[in-house]
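**Student:** Structure file query_12.txt (compact mmCIF, C-alpha atoms) is given on the next line.
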# COMPACT_ATOMS: atom_id res chain seq x y z
CA MET A 1 0.00 0.00 0.00
CA SER A 2 2.75 2.41 0.94
CA VAL A 3 4.76 1.23 -2.07
CA LEU A 4 1.83 2.14 -4.29
CA PHE A 5 1.57 5.53 -2.67
CA ILE A 6 5.27 6.17 -3.08
CA SER A 7 5.23 5.20 -6.75
CA VAL A 8 2.22 7.41 -7.45
CA PHE A 9 3.88 10.30 -5.64
CA LEU A 10 7.07 9.86 -7.62
CA LEU A 11 5.26 9.68 -10.94
CA CYS A 12 3.35 12.84 -10.12
CA TYR A 13 6.58 14.52 -9.08
CA SER A 14 8.27 13.56 -12.35
CA LEU A 15 5.27 14.73 -14.34
CA VAL A 16 5.10 18.06 -12.54
CA LEU A 17 8.80 18.54 -13.00
CA ILE A 18 8.56 17.78 -16.69
CA ILE A 19 5.68 20.21 -17.15
CA VAL A 20 7.43 22.93 -15.18
CA CYS A 21 10.62 22.43 -17.12
CA CYS A 22 8.82 22.56 -20.44
CA ILE A 23 7.30 25.87 -19.44
CA VAL A 24 10.49 27.42 -18.11
CA CYS A 25 13.11 25.97 -20.44
CA SER A 26 13.12 24.16 -23.72
CA ASP A 27 16.10 21.89 -23.23
CA ILE A 28 15.59 18.19 -22.78
CA GLU A 29 18.93 17.88 -20.99
CA LYS A 30 17.66 19.92 -18.07
CA ILE A 31 14.55 17.78 -17.89
CA GLN A 32 16.68 14.66 -17.82
CA SER A 33 18.82 15.96 -15.00
CA GLY A 34 15.74 17.03 -13.11
CA ILE A 35 14.09 13.62 -13.10
CA GLY A 36 17.34 11.65 -12.72
CA ASP A 37 19.92 11.66 -9.99
CA LYS A 38 18.50 14.60 -8.08
CA VAL A 39 15.36 12.79 -7.02
CA ALA A 40 17.47 10.04 -5.47
CA LEU A 41 19.53 12.61 -3.59
CA PHE A 42 16.41 14.43 -2.46
CA LEU A 43 14.93 11.19 -1.16
CA GLN A 44 18.16 10.30 0.62
CA TYR A 45 18.45 13.61 2.46
CA PHE A 46 14.75 13.67 3.27
CA THR A 47 15.02 10.18 4.75
CA THR A 48 18.05 11.25 6.78
CA PHE A 49 16.02 14.15 8.14
CA LEU A 50 13.01 11.99 9.06
CA ALA A 51 15.09 9.11 10.43
CA GLY A 52 17.04 11.57 12.56
CA PHE A 53 13.79 12.76 14.09
CA VAL A 54 12.45 9.26 14.64
CA ILE A 55 15.64 7.87 16.19
CA GLY A 56 16.12 10.95 18.33
CA TYR A 57 12.62 10.91 19.77
CA ALA A 58 12.54 7.13 20.17
CA THR A 59 15.80 6.99 22.10
CA ASN A 60 15.45 9.92 24.47
CA TRP A 61 12.37 12.04 23.85
CA LYS A 62 13.03 14.66 26.52
CA LEU A 63 16.49 15.48 25.25
CA ALA A 64 15.26 15.46 21.65
CA LEU A 65 12.50 17.90 22.59
CA VAL A 66 15.04 20.23 24.18
CA VAL A 67 17.25 20.17 21.10
CA SER A 68 14.25 20.64 18.78
CA VAL A 69 13.81 24.14 20.15
CA MET A 70 16.82 25.11 17.99
CA LEU A 71 15.08 23.94 14.80
CA PRO A 72 13.29 27.16 13.71
CA ILE A 73 16.48 29.15 14.19
CA LEU A 74 18.43 26.61 12.12
CA THR A 75 15.81 26.69 9.36
CA VAL A 76 15.93 30.46 9.06
CA MET A 77 19.73 30.39 9.05
CA ALA A 78 19.90 27.71 6.34
CA ALA A 79 17.39 29.54 4.15
CA THR A 80 19.32 32.79 4.44
CA ILE A 81 22.63 31.14 3.61
CA ALA A 82 21.13 29.36 0.60
CA LYS A 83 19.52 32.52 -0.73
CA VAL A 84 22.65 34.61 -0.33
CA SER A 85 25.15 32.08 -1.70
CA ILE A 86 23.27 30.63 -4.67
CA VAL A 87 24.45 33.35 -7.03
CA GLU A 88 28.03 32.72 -5.97
CA VAL A 89 27.77 28.97 -6.49
CA CYS A 90 25.87 28.90 -9.79
CA GLY A 91 27.01 32.12 -11.37
CA VAL A 92 24.48 34.19 -13.26
CA ASP A 93 22.84 31.14 -14.87
CA ILE A 94 20.76 29.86 -11.99
CA ASP A 95 18.84 27.46 -14.24
CA ALA A 96 21.96 25.50 -15.14
CA ALA A 97 21.63 21.75 -15.10
CA ILE A 98 24.76 21.12 -13.04
CA CYS A 99 23.94 23.53 -10.26
CA ILE A 100 22.09 21.78 -7.47
CA MET B 1 12.83 0.35 -11.39
CA ILE B 2 11.81 3.62 -9.81
CA ILE B 3 10.42 1.76 -6.80
CA LEU B 4 13.69 -0.13 -6.28
CA GLY B 5 15.62 3.11 -6.61
CA THR B 6 13.40 4.72 -3.99
CA VAL B 7 13.94 1.85 -1.56
CA MET B 8 17.71 2.06 -2.06
CA ALA B 9 17.72 5.83 -1.57
CA ILE B 10 15.71 5.48 1.65
CA ALA B 11 18.12 2.78 2.86
CA SER B 12 21.12 4.99 2.28
CA GLY B 13 19.34 7.86 3.97
CA VAL B 14 18.75 5.89 7.14
CA ALA B 15 22.46 5.10 7.36
CA LEU B 16 23.62 8.42 8.72
CA PRO B 17 21.43 8.46 11.87
CA GLY B 18 22.36 4.80 12.26
CA HIS B 19 26.00 5.88 12.39
CA MET B 20 25.16 8.24 15.23
CA LEU B 21 23.31 5.48 17.08
CA LEU B 22 26.26 3.09 16.78
CA PHE B 23 28.63 5.82 17.93
CA GLY B 24 26.54 6.27 21.08
CA ARG B 25 26.73 2.56 21.76
CA VAL B 26 30.53 2.58 21.35
CA ILE B 27 30.84 5.44 23.83
CA ASN B 28 28.63 3.43 26.20
CA GLU B 29 31.13 0.58 26.07
CA PHE B 30 33.97 2.86 27.17
CA VAL B 31 31.85 4.20 30.02
CA PHE B 32 31.02 0.68 31.23
CA HIS B 33 34.69 -0.26 31.11
CA SER B 34 35.69 2.67 33.32
CA ILE B 35 32.82 2.04 35.77
CA ALA B 36 33.84 -1.62 36.08
CA ARG B 37 37.44 -0.65 36.71
CA ALA B 38 36.38 1.81 39.41
CA LEU B 39 34.11 -0.74 41.07
CA LEU B 40 36.68 -3.52 41.02
CA SER B 41 39.69 -1.51 42.16
CA ASN B 42 38.38 0.29 45.24
CA GLN B 43 35.25 -1.00 46.99
CA ASN B 44 34.58 2.16 49.02
CA SER B 45 34.34 4.51 46.05
CA GLY B 46 32.34 1.87 44.18
CA VAL B 47 29.33 2.57 46.39
CA MET B 48 29.37 6.21 45.31
CA VAL B 49 29.29 5.27 41.61
CA ASP B 50 26.34 2.94 42.22
CA GLN B 51 24.29 5.59 44.02
CA HIS B 52 24.83 8.07 41.23
CA PHE B 53 23.43 5.66 38.68
CA CYS B 54 20.59 4.44 40.89
CA ALA B 55 19.14 7.93 40.83
CA SER B 56 18.18 7.61 37.14
CA ALA B 57 15.23 5.63 35.73
CA ASN B 58 14.85 1.90 36.24
CA SER B 59 15.41 0.96 32.60
CA SER B 60 18.84 2.59 32.42
CA ARG B 61 19.83 0.89 35.69
CA ASP B 62 18.91 -2.52 34.24
CA MET B 63 20.91 -1.71 31.13
CA LEU B 64 23.87 -0.79 33.31
CA THR B 65 23.81 -3.93 35.45
CA SER B 66 23.25 -6.27 32.51
CA ASN B 67 26.05 -4.66 30.53
CA LEU B 68 28.55 -4.58 33.41
CA LEU B 69 28.55 -8.33 34.02
CA PRO B 70 30.96 -9.28 31.21
CA TYR B 71 33.27 -6.49 32.36
CA TYR B 72 33.60 -7.90 35.87
CA ASN B 73 35.19 -11.12 34.63
CA ASP B 74 37.78 -9.82 32.22
CA THR B 75 37.90 -6.04 32.00
CA ARG B 76 40.39 -5.31 29.24
CA ASN B 77 39.54 -8.06 26.75
CA THR B 78 35.81 -7.44 27.00
CA LEU B 79 36.32 -3.86 25.90
CA LEU B 80 38.40 -5.00 22.95
CA GLU B 81 35.81 -7.60 21.93
CA ARG B 82 32.85 -5.27 22.27
CA VAL B 83 34.42 -2.36 20.39
CA GLY B 84 35.66 -4.80 17.72
CA LEU B 85 32.10 -6.03 17.30
CA PHE B 86 30.87 -2.49 16.84
CA SER B 87 33.56 -1.73 14.29
CA LEU B 88 32.39 -4.78 12.34
CA TYR B 89 28.88 -3.32 12.43
CA TYR B 90 30.32 -0.10 10.99
CA VAL B 91 31.96 -2.02 8.14
CA ALA B 92 28.71 -3.83 7.37
CA MET B 93 26.78 -0.56 7.36
CA ALA B 94 29.38 1.06 5.10
CA THR B 95 29.17 -1.67 2.48
CA ALA B 96 25.39 -1.58 2.62
CA VAL B 97 25.44 2.18 2.04
CA LEU B 98 27.88 1.71 -0.84
CA PHE B 99 25.60 -0.69 -2.67
CA ALA B 100 22.43 1.20 -1.81
CA THR B 101 23.71 4.56 -3.08
CA PHE B 102 25.17 3.00 -6.22
CA LEU B 103 21.97 1.15 -7.05
CA ALA B 104 19.78 4.16 -6.28
CA THR B 105 21.82 6.37 -8.64
CA VAL B 106 21.85 3.68 -11.33
CA PHE B 107 18.10 3.08 -11.19
CA TRP B 108 17.10 6.73 -11.12
CA ASN B 109 19.47 7.75 -13.93
CA ALA B 110 18.42 4.79 -16.08
CA SER B 111 14.74 5.62 -15.65
CA ALA B 112 15.38 9.29 -16.42
CA TYR B 113 17.29 8.37 -19.55
CA ARG B 114 14.52 6.08 -20.72
CA GLN B 115 11.90 8.77 -20.20
CA THR B 116 14.04 11.32 -22.02
CA ARG B 117 14.53 8.92 -24.91
CA ARG B 118 10.79 8.39 -25.14
CA MET B 119 10.31 12.17 -25.16
CA ARG B 120 12.85 12.59 -27.95
CA ASP B 121 11.22 9.82 -29.99
CA ALA B 122 7.82 11.44 -29.72
CA PHE B 123 9.28 14.83 -30.59
CA TYR B 124 11.01 13.51 -33.68
CA ARG B 125 7.92 11.59 -34.74
CA SER B 126 5.74 14.67 -34.42
CA ILE B 127 8.23 16.72 -36.43
CA LEU B 128 8.14 14.19 -39.29
CA ARG B 129 4.36 14.42 -39.39
CA GLN B 130 4.19 18.22 -39.84
CA ASP B 131 3.11 20.04 -43.00
CA ILE B 132 5.66 21.65 -45.24
CA GLY B 133 4.44 25.10 -44.23
CA TRP B 134 5.52 24.54 -40.69
CA PHE B 135 9.11 24.09 -41.83
CA ASP B 136 8.96 27.42 -43.65
CA VAL B 137 7.98 29.16 -40.44
CA THR B 138 10.39 27.41 -38.05
CA GLU B 139 14.18 27.40 -38.31
CA ALA B 140 15.70 23.95 -38.87
CA ASN B 141 18.76 24.60 -36.73
CA GLU B 142 16.69 25.63 -33.74
CA LEU B 143 14.74 22.38 -34.04
CA SER B 144 17.77 20.11 -33.99
CA THR B 145 19.27 22.02 -31.07
CA ARG B 146 16.07 21.62 -29.09
CA LEU B 147 15.99 17.94 -29.93
CA VAL B 148 19.50 17.14 -28.77
CA GLU B 149 20.03 19.45 -25.81
What is this structure when it is put down as structure tokens?
**Tutor:**
Amino acid sequence: MSVLFISVFLLCYSLVLIIVCCIVCSDIEKIQSGIGDKVALFLQYFTTFLAGFVIGYATNWKLALVVSVMLPILTVMAATIAKVSIVEVCGVDIDAAICI
Amino acid sequence: MIILGTVMAIASGVALPGHMLLFGRVINEFVFHSIARALLSNQNSGVMVDQHFCASANSSRDMLTSNLLPYYNDTRNTLLERVGLFSLYYVAMATAVLFATFLATVFWNASAYRQTRRMRDAFYRSILRQDIGWFDVTEANELSTRLVE
């Protein structure tokens, strides 16, 4: 059941990505890089995030709750750093296929 | 193929918190070793160590007493054996992550390539079916560039 859900979600994600890429850019190479390796990386990091939460709360929920207070501050900090440094990393061409 | 790639990606994602969990266990082994040495060397100060740990919850006290037993018999070798066991767990986890990441990348890139190839086929087929007038309006070079890139 969950496998079915995951596959449907991934197909929808690929479809949305294809549609968005066809609107924004007309290069098939970018589409290919968007539905290829990056989804696997996204899934990996997302699973690390969720598994970190689960293992932290399952082992020692009081300590995990105390550390979770830092989370909003960390989110704001990460967003600011990403927004400020993306032009430095990717150059002017932010839509480049290589730039994650 | 996408489903297998997803499972592999999830497996390699779980590995990093698993590393942290194993690291905690390894540190626990060192702590047990030092507690056992303190208890065995000087009986008077051993009572103080016990009281400190009795203050915490019951489950951690049971974990302490059940883990200390092998350390009472043979303190140094037990530490070596236990930490060696954990390092073997690390090696197993590392090889699992190696295969999982490799297979996830392979599956996702293969599926993306297949989808792109299907897209290019359809594009080319639709171009061949157009009227002649369409080719007068559109540049041929722009078409081939769009097709390949």
**Student:** Taking all atoms listed in the file into account, report as a list in words which residues of chain A lie within 7 Å of chain B.
**Tutor:**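 So the residues of chain A near chain B are Ser7, Ser26, Asp27, Ile28, Glu29, Gln32, Ile35, Gly36, Asp37, Ala40, Leu43, Gln44, Tyr45, Thr47, Thr48, Ala51 and Gly52 of chain A.
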**Student:** Which value, in Å to one decimal, gives the distance between atom CA of B:Glu81 and atom CA of B:Phe99?
**Tutor:**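 Pair atom CA of B:Glu81 / atom CA of B:Phe99 returns 27.5 Å.
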**Student:** In Å, rounded to a single decimal, give me how far atom CA of B:Phe32 is from atom CA of B:Leu79.
**Tutor:** 8.8 Å
**Student:** Give me the residues within 10 Å of B:Arg37 as a PyMOL selection string, counting all atoms listed in the file and dropping any in the same chain fewer than 2 places off.
**Tutor:** chain B and resi 31-35+39-42+46+71-72+75-76
**Student:** Between atom CA of A:Val67 and atom CA of A:Val39, what is the distance, to one decimal in Å?
**Tutor:**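 Calculated distance between atom CA of A:Val67 and atom CA of A:Val39 is 29.1 Å.
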